Amino acid sequence: MTQDDAHAQEEDLIAQRIAEDQGWVRVQTRTFTRWVNENLKTTEHSIESMENDFADGLKLVALLQQLAGKPIGARVTKRPRIRAQKLENVKICFDFMNREGIEMVNIDNQDVSDGNMKLILGMVWHLILHYQIATGFDDDGTKGGPKNRIIKWVNSKINPWDKHITNLGPDWNHGDILACLVNSLAPGLVPDFAEMDPSNARDNIDRAMAMAHEWMDIPRVLEPEDMMDPNVDELSMMTYLSYFPNAKVKEGAPCVNPGRVIARGPGITGVGLKLGKPAEFEIDATMAGENGRDKIKVEVIGPEGPVKCDLTHNGDLTYNGAYYPEDDGEYTIKVTLLNCSIPKSPFKVGIFGAQKTDPSKVRVEGPGITGEGILPGDVAPFKVIYKDCGRGQPKVEVFGPDHQPLNIVEDNDKKECVCNVEYQPGVFGEYTVSITYAGLPLPNSPYKVPIKPTVDINKVKVEGPGLSRCKVSEPTWFKVHTAGAGKGDLKVEILQSDGSVLEPTITNDGKGTFNVDYTPQMVGTYKVSITYGRVKVPKSPFNVSVVPPGDAGEVVVNGDALHGIRVGTTGKLFVDASKAGKGDIRVVVIGPDNKPLQTGVELVRTVDGVTEYGITPEVPGPYVISVTFSGEPVPGSPFDIDVLPSLDIDRMKIIIDRDNPPRINKPYKFTVDCSDAGCPPVLFGLIGDPENDNPNKPRKDILVIVCDNDGNPIKDKKGKDIVINIKELKSSGLAHFTFTPEVEGPIYLKAQYDGKNLPKSPLKVNVSSGIDMSKIVIYGDGITSEEPVRANKPMTFVIDAEKAGAGPISLDFLSKLGFTIGKDNVPKDMKITIIGPNGEPMPCDVKKRTGKVFEITILPTQVGQLNIDIVSPTGEHAPKSPLKIQVKPSVDASKIIIGGDGIEKDKVPRKDKLCALTVDASKAGNAPFSVSVNGVDKTPEGSAPAKKPETGKPTEPKKAGAGIQLGGKPKEEPTSDGSKPGFGPDGKPTPGNYIAPDGSILDDKDRPVKGKDGKPLKCALGQGGKPNAPKTDDKGNLVGPDDKPLVGSNGCPVKPGSGPDGPTAGPDGTLFGNDGKPLLGKDGEPLKAGQMHSGKPLCNDEGEILGPDGKPVTAPNGEPLKANKTPLGLTVKPDGALFTPSGKPLC
């Protein structure tokens, strides 16, 4: 921002403050001028300008004499010509006001003579408070001063019509509240207030004001436009409303008087009523006024709900009516005229069947009936006992000394026939308790209950400076002498000038004297109320003046706290009193509950006369910030602000544009999403933006920066901060941030809420120049070579991106569904998808030759089409991609030659004689094979050489047979099933690996597990001094003789397993578990097996492992250790039949 812009902004701010200042001054001046002239209209005086017309004191003298109703009491210069005479006249007025108990603060006779408008307005306001508001609205102890007393009084008048107000501003803008108030005081003047159209606010207000002026003599000191303003001046509103409590309705007014309506008859009294018979009544409204014609309404509610009621107008303002009771119980008859209840309405009537009701048997007892020991504020309880009184229910009403009904609390135990009642008297006096039973009054009802003081208040004396005049921030005191007044509680309430309560310190000397100490916190008029034994002491409440120096009008308040903040965040409030002189600043924050905040307002620091406060609200809603200087409100105070609910930072997120990774010199967009974080609107800004510190702008919720690893803003090629554009989606909680990076390398996207980083913030992204997919070169096995790709043989191809673009290239192999996000939080440059013949992704080994050349090796295990797709994040394919490569078989089982006993004609196997079987696979291809023979006590095995004799003894010739497998498949099915030695079809190690005595690793079909070079793997033995225990590293992977992890043909580490028979046996018979450790018996010694085959123990027919002594080996739990399988994984039954691991017979 340039210096000229700053000056222009400052001038705009000053102009705004002047306009706001002139606004309330203009309205107050007009209102107070009319109020003054209203009080001077019976004299020869009137004023046009308070700024000039009070200067000589004559009109001020006339005003005071009219208000007080007595002479000024001093000699006044009637024709003042010089300044001294004018000042003396005004001083006489100030002396008179002081004697009247009106303490003027921060103003003297010179201010009035000089025409200081703000101070003169303050003087007139004190006159309005003292002579009009105080007389119209009695001090009933309502906290918050005269404003809250007026609100309470208005609500008492409009609440019966379902209207309610909480302020003297926006609630009055539409006119319906004022119309309702006028109609409640003079029913019929504005009978249609409930149907008023809010869009016709001016007409509504003008009509209500006109009716109040014409028929109630309430002067129009306000204009309709003033009341329509949401920021209407509250002092002007209080002045206008203060005319209403004492207003009288003129004769001939077009209104009605519900109080003159009479209802009578058995349907009202309940005398002689019977179920099923009409309950008749009559209503006489002849004295209520002609405007009430046809405005009578009657509603009847019975025990089961509304009851039909007929009402006939006789034409002479009298009515005949009847309702029809059908059910036992109490009936309520409500009679209204223009929605106003007539006297004693609603009426309660009990109607019952044959059972007789006797109210004389009802008993009433308790202090709430006698008044004994009850003081104002106490709960007054009593009981109504109605057992054996016939059918019916008691009804209780309590009225205060002012004949107004009190709220009562009833707990009616209908089973025990006892109704417990409580009420709370508020003042001393005689209370009336009315009790009926089944609609009939009790013999002694209504009861008169006296609430009397227990002390002689006239013997209580008070003294001390704390009851008259004192200085702000200086301790003051007063004493209360109660000797001889009787026992009672002393209560002192000190209301400061802003309505807040100041707690004093009270000490009792034990001799009837109480010492009260307090320290005033602000300038203004304090109200000190003293009660003893719940009775006000004479002259209480006391008006106390607290007068420090200073000019509140020179104080300037600003800060983002004035523009609304969120729960849990701290808004700044700056109070500039550098030009105000000496005085104390006080900031009070009133919460939504209309109570001052006890926490959450912190004074941060004061520099050069400017005090900074931190305001941290805890609940959402409307708040009021009151700022006073030397006890006087500063311009604009009180300030109304809205506090929004807090945002949930855990529901915020930074969303990067996956389809547009960051590239040099291209716009890059990312989004901050707070749509699920809470209450909108969410305001977004940039970290480091000077506008964030503008005290006249709303606080930003989310601040964002694009920075380097140290938090510094990233630069363009010229070294300047990059420009970030914000596009907020209104009320959605979303904002898009766009910038154009000019330099390669990592950058960070940081977003903060209230100084805390959002989840995953700062988010790292990598800026690069991108990649040209058309310049990718692909070559290798099955692509450029003529040799076919074979199953179970490694296939290698190369991706060359040397000419595709600047910078290193990153690859993604993890998903065929979409690009993954790497540690730089951007999509990889290329995605390589390799799909096998079975439609599933295939693993691969990647070797980076350079930053842009990659060598990729895969091991196809199935015959069929292999699909290789190479694509960029934007969907561009490399040349020739997707590649379709055919995988052909690696072996030919038809070229296997089998010979030996039972195969060749001249070689016949004999029972219990060793026979030999020869398998010649030298021309079938290089692959492991297995041989299984049915019906022998020893099954042969072998994997190489090409020719191998196998021996065994046939036990039953009729069951003897052999099956030959090559590459894991029977001869009849020469194609591969896709499994690799030691690995399943998914390319992962199978759990059946076990260790042969020589260290070879065999799979669950006794085949050697091979490495990437196609050679059988062997592991090191002898770990821990245990025989034949394979060595493993700290990750549980098998290691070879060189102590390096063994890697299978799929590139995965090889882990030890239990083998198909469960435990693995070493050369000396020691049994080992899955973890390669010996199995221990009960005695803690290693368990041993008997005869072994390829590291597998010898078992009996039950599958129990046999020891060297030929007996079953016992586990630590005492149970025989079982293998459950023969060495080749075949299950043998007692009759010698062989079954596969899946339970099928071996044919």
# chains A, B, ... in the order shown; residues from 1 in each chain; ligands from 1
$ select_by_dssp --residues "segment 655-829 of chain A" --states "helix (DSSP H, G or I)" --output "list in words"
Pro690, Glu691, Asn692, Asp693, Met773, Ser774 and Lys775 of chain A
$ closest_atom_pairs --of "segment 643-734 of chain A" --to "segment 569-580 of chain A" --cutoff "12 Å" --atoms "only C-alpha atoms" --output "Markdown table"
| residue | atom | partner | partner_atom | distance |
| --- | --- | --- | --- | --- |
| A:Val643 | CA | A:Thr569 | CA | 9.9 |
| A:Leu644 | CA | A:Thr569 | CA | 10.1 |
| A:Pro645 | CA | A:Thr569 | CA | 9.9 |
| A:Ser646 | CA | A:Thr569 | CA | 7.7 |
| A:Leu647 | CA | A:Thr569 | CA | 9.7 |
| A:Asn692 | CA | A:Lys572 | CA | 11.5 |
| A:Asp693 | CA | A:Lys572 | CA | 9.8 |
| A:Asn694 | CA | A:Lys572 | CA | 10.6 |
| A:Pro695 | CA | A:Lys572 | CA | 8.0 |
| A:Asn696 | CA | A:Leu573 | CA | 10.3 |
| A:Lys697 | CA | A:Lys572 | CA | 11.2 |
| A:Pro698 | CA | A:Gly571 | CA | 9.6 |
| A:Arg699 | CA | A:Gly571 | CA | 7.6 |
| A:Lys700 | CA | A:Gly571 | CA | 10.5 |
| A:Asp701 | CA | A:Thr569 | CA | 9.1 |
| A:Ile702 | CA | A:Thr569 | CA | 11.8 |
$ closest_residue --among "A:Leu729, A:Lys750, A:Glu365, A:Leu683" --to "Ile705 of chain A" --atoms "only C-alpha atoms"
A:Lys750
$ atom_distance --atom1 "atom CA of Lys1044 of chain A" --atom2 "atom CA of Val798 of chain A"
28.3 Å
$ residues_around --residues "Thr454 of chain A" --least-positions-apart "4" --cutoff "10 Å" --atoms "only C-alpha atoms" --output "ChimeraX atom specification"
/A:373-375,485-488,532-535
$ write_last_selection --atoms "C-alpha atoms" --output "PDB file, in the first residue's frame"
ATOM      1  CA  GLY A 373     -40.867 -16.633  59.275  1.00  0.00           C
ATOM      2  CA  ILE A 374     -41.192 -15.749  55.583  1.00  0.00           C
ATOM      3  CA  LEU A 375     -39.265 -12.798  54.146  1.00  0.00           C
ATOM      4  CA  ALA A 485     -32.510  -2.684  64.977  1.00  0.00           C
ATOM      5  CA  GLY A 486     -32.856  -6.402  65.584  1.00  0.00           C
ATOM      6  CA  LYS A 487     -31.252  -9.401  63.892  1.00  0.00           C
ATOM      7  CA  GLY A 488     -31.007  -9.453  60.139  1.00  0.00           C
ATOM      8  CA  TYR A 532     -30.951  -5.063  56.332  1.00  0.00           C
ATOM      9  CA  GLY A 533     -33.252  -7.935  57.159  1.00  0.00           C
ATOM     10  CA  ARG A 534     -34.447  -7.762  53.510  1.00  0.00           C
ATOM     11  CA  VAL A 535     -35.616  -4.155  54.092  1.00  0.00           C
TER      12      VAL A 535
END
